[in-house]
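What's in work.txt: compact mmCIF, C-alpha atoms
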```
# COMPACT_ATOMS: atom_id res chain seq x y z
CA MET A 765 11.74 -21.50 23.76
CA ARG A 766 10.91 -18.41 21.69
CA SER A 767 9.15 -20.57 19.11
CA LYS A 768 6.98 -22.13 21.79
CA ARG A 769 6.12 -18.72 23.23
CA ALA A 770 5.19 -17.39 19.76
CA LYS A 771 2.92 -20.37 19.13
CA THR A 772 1.24 -19.77 22.47
CA GLN A 773 0.60 -16.11 21.58
CA VAL A 774 -0.88 -17.04 18.21
CA ALA A 775 -3.09 -19.71 19.75
CA GLU A 776 -4.39 -17.19 22.26
CA LEU A 777 -5.71 -15.02 19.41
CA PHE A 778 -8.22 -17.79 18.67
CA ARG A 779 -9.31 -18.62 22.20
CA ARG A 780 -12.93 -17.98 23.08
CA LYS A 781 -12.28 -14.60 24.71
CA TRP A 782 -10.40 -13.22 21.71
CA LEU A 783 -11.74 -15.14 18.69
CA ILE A 784 -14.49 -12.71 17.67
CA SER A 785 -12.27 -9.69 18.34
CA THR A 786 -9.51 -11.16 16.19
CA ILE A 787 -11.89 -11.90 13.31
CA LEU A 788 -13.38 -8.39 13.44
CA LEU A 789 -9.94 -6.80 13.51
CA TRP A 790 -8.87 -8.89 10.53
CA LEU A 791 -12.00 -7.83 8.64
CA ALA A 792 -11.11 -4.20 9.24
CA PHE A 793 -7.53 -4.75 8.02
CA VAL A 794 -8.59 -6.72 4.94
CA ALA A 795 -11.29 -4.22 3.94
CA ASN A 796 -9.12 -1.16 4.54
CA LEU A 797 -6.13 -2.56 2.66
CA ALA A 798 -8.36 -3.70 -0.21
CA ALA A 799 -9.68 -0.15 -0.63
CA PHE A 800 -6.27 1.43 -0.08
CA TYR A 801 -4.38 -0.63 -2.64
CA SER A 802 -7.25 -0.51 -5.14
CA ILE A 803 -7.22 3.28 -5.07
CA GLN A 804 -3.44 3.52 -5.20
CA SER A 805 -3.22 1.01 -8.05
CA TRP A 806 -6.13 2.11 -10.23
CA LEU A 807 -6.81 5.80 -9.59
CA PRO A 808 -3.99 6.88 -11.96
CA THR A 809 -5.29 4.62 -14.73
CA ILE A 810 -8.92 5.67 -14.26
CA VAL A 811 -8.16 9.39 -14.10
CA GLY A 812 -5.77 9.14 -17.04
CA SER A 813 -8.32 7.28 -19.15
CA LEU A 814 -10.65 10.28 -18.84
CA GLY A 815 -8.16 12.46 -20.68
CA ARG A 816 -6.70 14.27 -17.70
CA ALA A 817 -3.23 15.76 -18.07
CA PRO A 818 -0.41 13.63 -16.62
CA GLU A 819 0.32 16.21 -13.91
CA ILE A 820 -3.30 16.00 -12.72
CA VAL A 821 -3.11 12.21 -12.63
CA ILE A 822 0.05 12.39 -10.52
CA ALA A 823 -1.35 15.10 -8.25
CA ALA A 824 -4.58 13.20 -7.56
CA THR A 825 -2.65 10.06 -6.63
CA VAL A 826 -0.08 11.84 -4.48
CA LEU A 827 -2.79 13.75 -2.64
CA THR A 828 -4.37 10.50 -1.45
CA THR A 829 -1.09 9.76 0.34
CA ILE A 830 -0.58 13.30 1.64
CA GLY A 831 -4.15 13.34 2.93
CA GLY A 832 -3.46 10.18 4.92
CA ILE A 833 -0.29 11.58 6.48
CA VAL A 834 -2.02 14.81 7.48
CA ALA A 835 -5.07 12.99 8.83
CA ALA A 836 -3.05 10.47 10.83
CA ALA A 837 -1.61 13.35 12.84
CA ALA A 838 -5.16 14.28 13.88
CA ILE A 839 -6.67 10.80 14.14
CA GLY A 840 -4.09 9.59 16.67
CA PRO A 841 -4.78 12.28 19.30
CA ALA A 842 -8.54 11.89 18.74
CA MET A 843 -8.24 8.16 19.38
CA ASP A 844 -6.44 8.92 22.65
CA ARG A 845 -8.80 11.63 23.86
CA ILE A 846 -12.19 10.42 22.66
CA SER A 847 -12.36 6.74 21.75
CA PRO A 848 -10.02 4.65 19.60
CA PHE A 849 -12.86 2.56 18.22
CA GLY A 850 -15.41 5.34 17.78
CA THR A 851 -12.87 7.65 16.16
CA LEU A 852 -11.60 5.10 13.67
CA GLY A 853 -15.12 3.85 12.92
CA THR A 854 -16.14 7.43 12.09
CA VAL A 855 -13.08 7.85 9.87
CA TYR A 856 -14.06 4.76 7.90
CA LEU A 857 -17.67 5.96 7.54
CA LEU A 858 -16.44 9.29 6.22
CA GLY A 859 -14.05 7.40 3.97
CA ALA A 860 -16.94 5.51 2.41
CA VAL A 861 -18.68 8.81 1.67
CA PHE A 862 -15.56 10.35 0.13
CA VAL A 863 -14.81 7.28 -1.98
CA VAL A 864 -18.31 7.49 -3.49
CA ALA A 865 -17.75 11.22 -4.00
CA LEU A 866 -14.41 10.53 -5.70
CA GLY A 867 -16.12 8.28 -8.21
CA ALA A 868 -18.74 10.95 -8.81
CA VAL A 869 -16.27 13.78 -9.50
CA LEU A 870 -13.95 11.90 -11.86
CA GLY A 871 -15.24 13.98 -14.75
CA ALA A 872 -15.75 17.19 -12.78
CA GLY A 873 -13.45 20.18 -12.38
CA THR A 874 -9.81 19.67 -11.52
CA GLU A 875 -10.03 21.45 -8.15
CA MET A 876 -12.96 19.31 -7.04
CA LEU A 877 -11.18 16.12 -8.10
CA LEU A 878 -8.01 17.02 -6.22
CA VAL A 879 -9.81 18.11 -3.04
CA THR A 880 -11.88 14.92 -3.04
CA ALA A 881 -8.76 12.81 -3.63
CA PHE A 882 -7.13 14.48 -0.62
CA LEU A 883 -10.17 13.85 1.60
CA THR A 884 -10.42 10.26 0.41
CA GLY A 885 -6.78 9.66 1.26
CA ALA A 886 -7.26 11.31 4.63
CA CYS A 887 -9.75 8.59 5.56
CA VAL A 888 -8.48 5.55 3.63
CA THR A 889 -4.73 6.04 4.04
CA GLY A 890 -5.14 7.70 7.44
CA GLY A 891 -7.37 4.85 8.53
CA GLN A 892 -4.79 2.28 7.51
CA MET A 893 -2.12 4.02 9.54
CA SER A 894 -4.45 4.25 12.53
CA VAL A 895 -5.85 0.71 12.52
CA ILE A 896 -2.37 -0.54 13.38
CA ALA A 897 -2.46 1.63 16.48
CA LEU A 898 -5.93 0.26 17.23
CA ALA A 899 -4.57 -3.29 17.19
CA THR A 900 -2.00 -2.35 19.82
CA VAL A 901 -4.80 -0.94 22.00
CA LEU A 902 -7.00 -3.99 21.52
CA TYR A 903 -4.60 -6.69 22.70
CA PRO A 904 -2.82 -6.89 26.06
CA PRO A 905 0.98 -6.52 25.99
CA HIS A 906 1.79 -10.24 25.96
CA MET A 907 -0.37 -10.74 22.81
CA ARG A 908 0.38 -7.47 21.07
CA SER A 909 3.16 -8.50 18.70
CA ALA A 910 1.29 -11.60 17.52
CA GLY A 911 -1.99 -9.70 17.22
CA VAL A 912 -0.57 -6.86 15.16
CA GLY A 913 1.62 -9.10 13.02
CA TRP A 914 -1.15 -11.50 12.11
CA ALA A 915 -3.61 -8.70 11.41
CA LEU A 916 -1.15 -7.10 9.01
CA GLY A 917 -0.41 -10.42 7.37
CA VAL A 918 -4.04 -11.35 6.85
CA GLY A 919 -4.81 -7.79 5.77
CA ARG A 920 -2.39 -8.20 2.87
CA LEU A 921 -4.84 -10.67 1.38
CA GLY A 922 -7.21 -7.76 0.90
CA GLY A 923 -4.37 -5.68 -0.46
CA ILE A 924 -3.72 -8.32 -3.11
CA ALA A 925 -7.31 -9.25 -3.91
CA GLY A 926 -8.68 -5.69 -4.04
CA PRO A 927 -6.67 -4.39 -7.02
CA LEU A 928 -7.05 -7.71 -8.87
CA LEU A 929 -10.84 -7.62 -8.54
CA VAL A 930 -10.95 -3.97 -9.61
CA GLY A 931 -8.91 -4.85 -12.69
CA VAL A 932 -11.30 -7.67 -13.57
CA ALA A 933 -14.30 -5.39 -13.04
CA LEU A 934 -12.91 -2.58 -15.19
CA GLY A 935 -11.81 -5.06 -17.85
CA GLY A 936 -15.34 -6.45 -17.87
CA GLY A 937 -16.77 -3.05 -18.71
CA ILE A 938 -18.05 -2.05 -15.28
CA ALA A 939 -18.08 1.74 -14.88
CA PRO A 940 -15.48 3.26 -12.54
CA GLN A 941 -18.25 4.86 -10.47
CA GLN A 942 -19.64 1.43 -9.67
CA VAL A 943 -16.19 0.19 -8.74
CA PHE A 944 -15.83 3.07 -6.30
CA LEU A 945 -19.17 2.10 -4.77
CA VAL A 946 -17.77 -1.36 -4.03
CA MET A 947 -14.66 0.20 -2.47
CA ALA A 948 -16.96 2.29 -0.30
CA GLY A 949 -18.72 -0.92 0.73
CA ALA A 950 -15.38 -2.33 1.87
CA LEU A 951 -14.88 0.70 4.09
CA MET A 952 -18.36 0.25 5.51
CA ILE A 953 -17.35 -3.29 6.50
CA ALA A 954 -14.25 -1.88 8.19
CA ALA A 955 -16.36 0.73 10.00
CA VAL A 956 -18.90 -1.79 11.28
CA SER A 957 -16.14 -4.16 12.41
CA VAL A 958 -14.38 -1.45 14.39
CA LEU A 959 -17.56 -0.10 15.94
CA ILE A 960 -18.60 -3.60 17.07
CA LEU A 961 -15.13 -4.03 18.57
CA GLY A 962 -15.73 -0.82 20.48
CA ARG A 963 -18.95 -2.17 21.96
CA MET A 964 -17.22 -5.40 22.95
CA HIS A 965 -14.30 -3.68 24.67
CA ARG A 966 -15.93 -0.82 26.53
```
Using structure tokens, write down the structure that the file contains.
Amino acid sequence: MRSKRAKTQVAELFRRKWLISTILLWLAFVANLAAFYSIQSWLPTIVGSLGRAPEIVIAATVLTTIGGIVAAAAIGPAMDRISPFGTLGTVYLLGAVFVVALGAVLGAGTEMLLVTAFLTGACVTGGQMSVIALATVLYPPHMRSAGVGWALGVGRLGGIAGPLLVGVALGGGIAPQQVFLVMAGALMIAAVSVLILGRMHR
């Protein structure tokens, strides 16, 4: 009985009313997780390769996580009070800006690197925490578990592919700054997806 109900919930994600919304939500998850795991996986290597001290490498990486935790505490209330879609879309747009900035300050002063790493994490990691909440807002209660579960599952494809593609790019001699530009592009995709969802579900 439970199996039949679960299949019905999954099938409903692809019915005409929900198909486009489901695809857009999955795009946001895939893009966000691709950027998130790429930064978490490769930022230590990239920063370390520039001759930074090990403690700076660790601090820059940890700050991307701390930034996300701090930001999530502010993003959640803003999603409730203003607009879940508009708020998260703005976070992703800012994230794209900060990711580009992070690539630009890799060789700059330590303070600038660490501040930018924190701000990047605030948007990328904070966005990942918040997009899960967005999925619960998007779907009605009877579809919620299937909607969130499938979005997370499909999003993991981005989490796997992102770091692999970054590794191939860096191994092929592409400059880290260009790699960060591509990560920023992924966040732009997430932003556009969420903002379109907002227009569809006003």
Practice problem: Identify, on the basis of only C-alpha atoms, every residue whose closest approach to Ser847 in chain A does not exceed 10 Å; exclude the query and any residue fewer than 5 positions from it along the same chain; express the result as a PyMOL selection string. | Solution: chain A and resi 841-842+852-853+962+966
Self-check item: Coordinates-based distance that separates CA of Pro940 in chain A from CA of Val869 in chain A (Å, one decimal)
Solution: 11.0 Å
Quiz item: So, counting all atoms listed in the file, which residue among A:Leu777, A:Leu883, A:Val861, A:Leu870 is closest to Leu789 in chain A?
Solution: A:Leu777
Quiz item: Could you work out how far CA of Val895 in chain A lies from CA of Ile784 in chain A, giving the answer in Å with one decimal?
Solution: 16.8 Å
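Among the candidate residues A:Val863, A:Ala950, A:Ala925, A:Ala910, the one lying nearest to Glu776 in chain A is A:Ala910, with distances computed using all atoms listed in the file.
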Exercise. Find the residue from A:Ile924, A:Val912, A:Val864, A:Met876 that sits nearest to Gln942 in chain A; use all atoms listed in the file when measuring.
Key: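 Of all the options, A:Val864 lies closest to Gln942 in chain A.
The space separating CA of Ile839 in chain A from CA of Gly926 in chain A comes to 24.6 Å.
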Exercise. Determine the nearest neighbour of Leu797 in chain A from the options A:Val958, A:Ala933, A:Met893, A:Leu878, counting all atoms listed in the file.
Key: A:Met893
Quiz item: Do you know which residues are at most 12 Å from Ile960 in chain A counting all atoms listed in the file, after dropping those on the same chain fewer than 3 positions away, and could you put them as a list in words?
Solution: Ile784, Ser785, Thr786, Ile787, Leu788, Leu789, Leu791, Ala792, Phe849, Gly850, Leu852, Gly853, Ile953, Ala954, Ala955, Val956, Ser957, Arg963, Met964, His965 and Arg966 of chain A
Self-check item: Nearest to Val946 in chain A, chosen from A:Pro848, A:Gly867, A:Gly911, A:Pro808, with all atoms listed in the file counted in the distances
Solution: A:Gly867
Quiz item: From the list A:Val794, A:Ala872, A:Val888, A:Ile822, which residue is nearest Ala948 in chain A when using all atoms listed in the file?
Solution: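 Once distances to Ala948 in chain A are computed over all atoms listed in the file, the minimum belongs to A:Val888.
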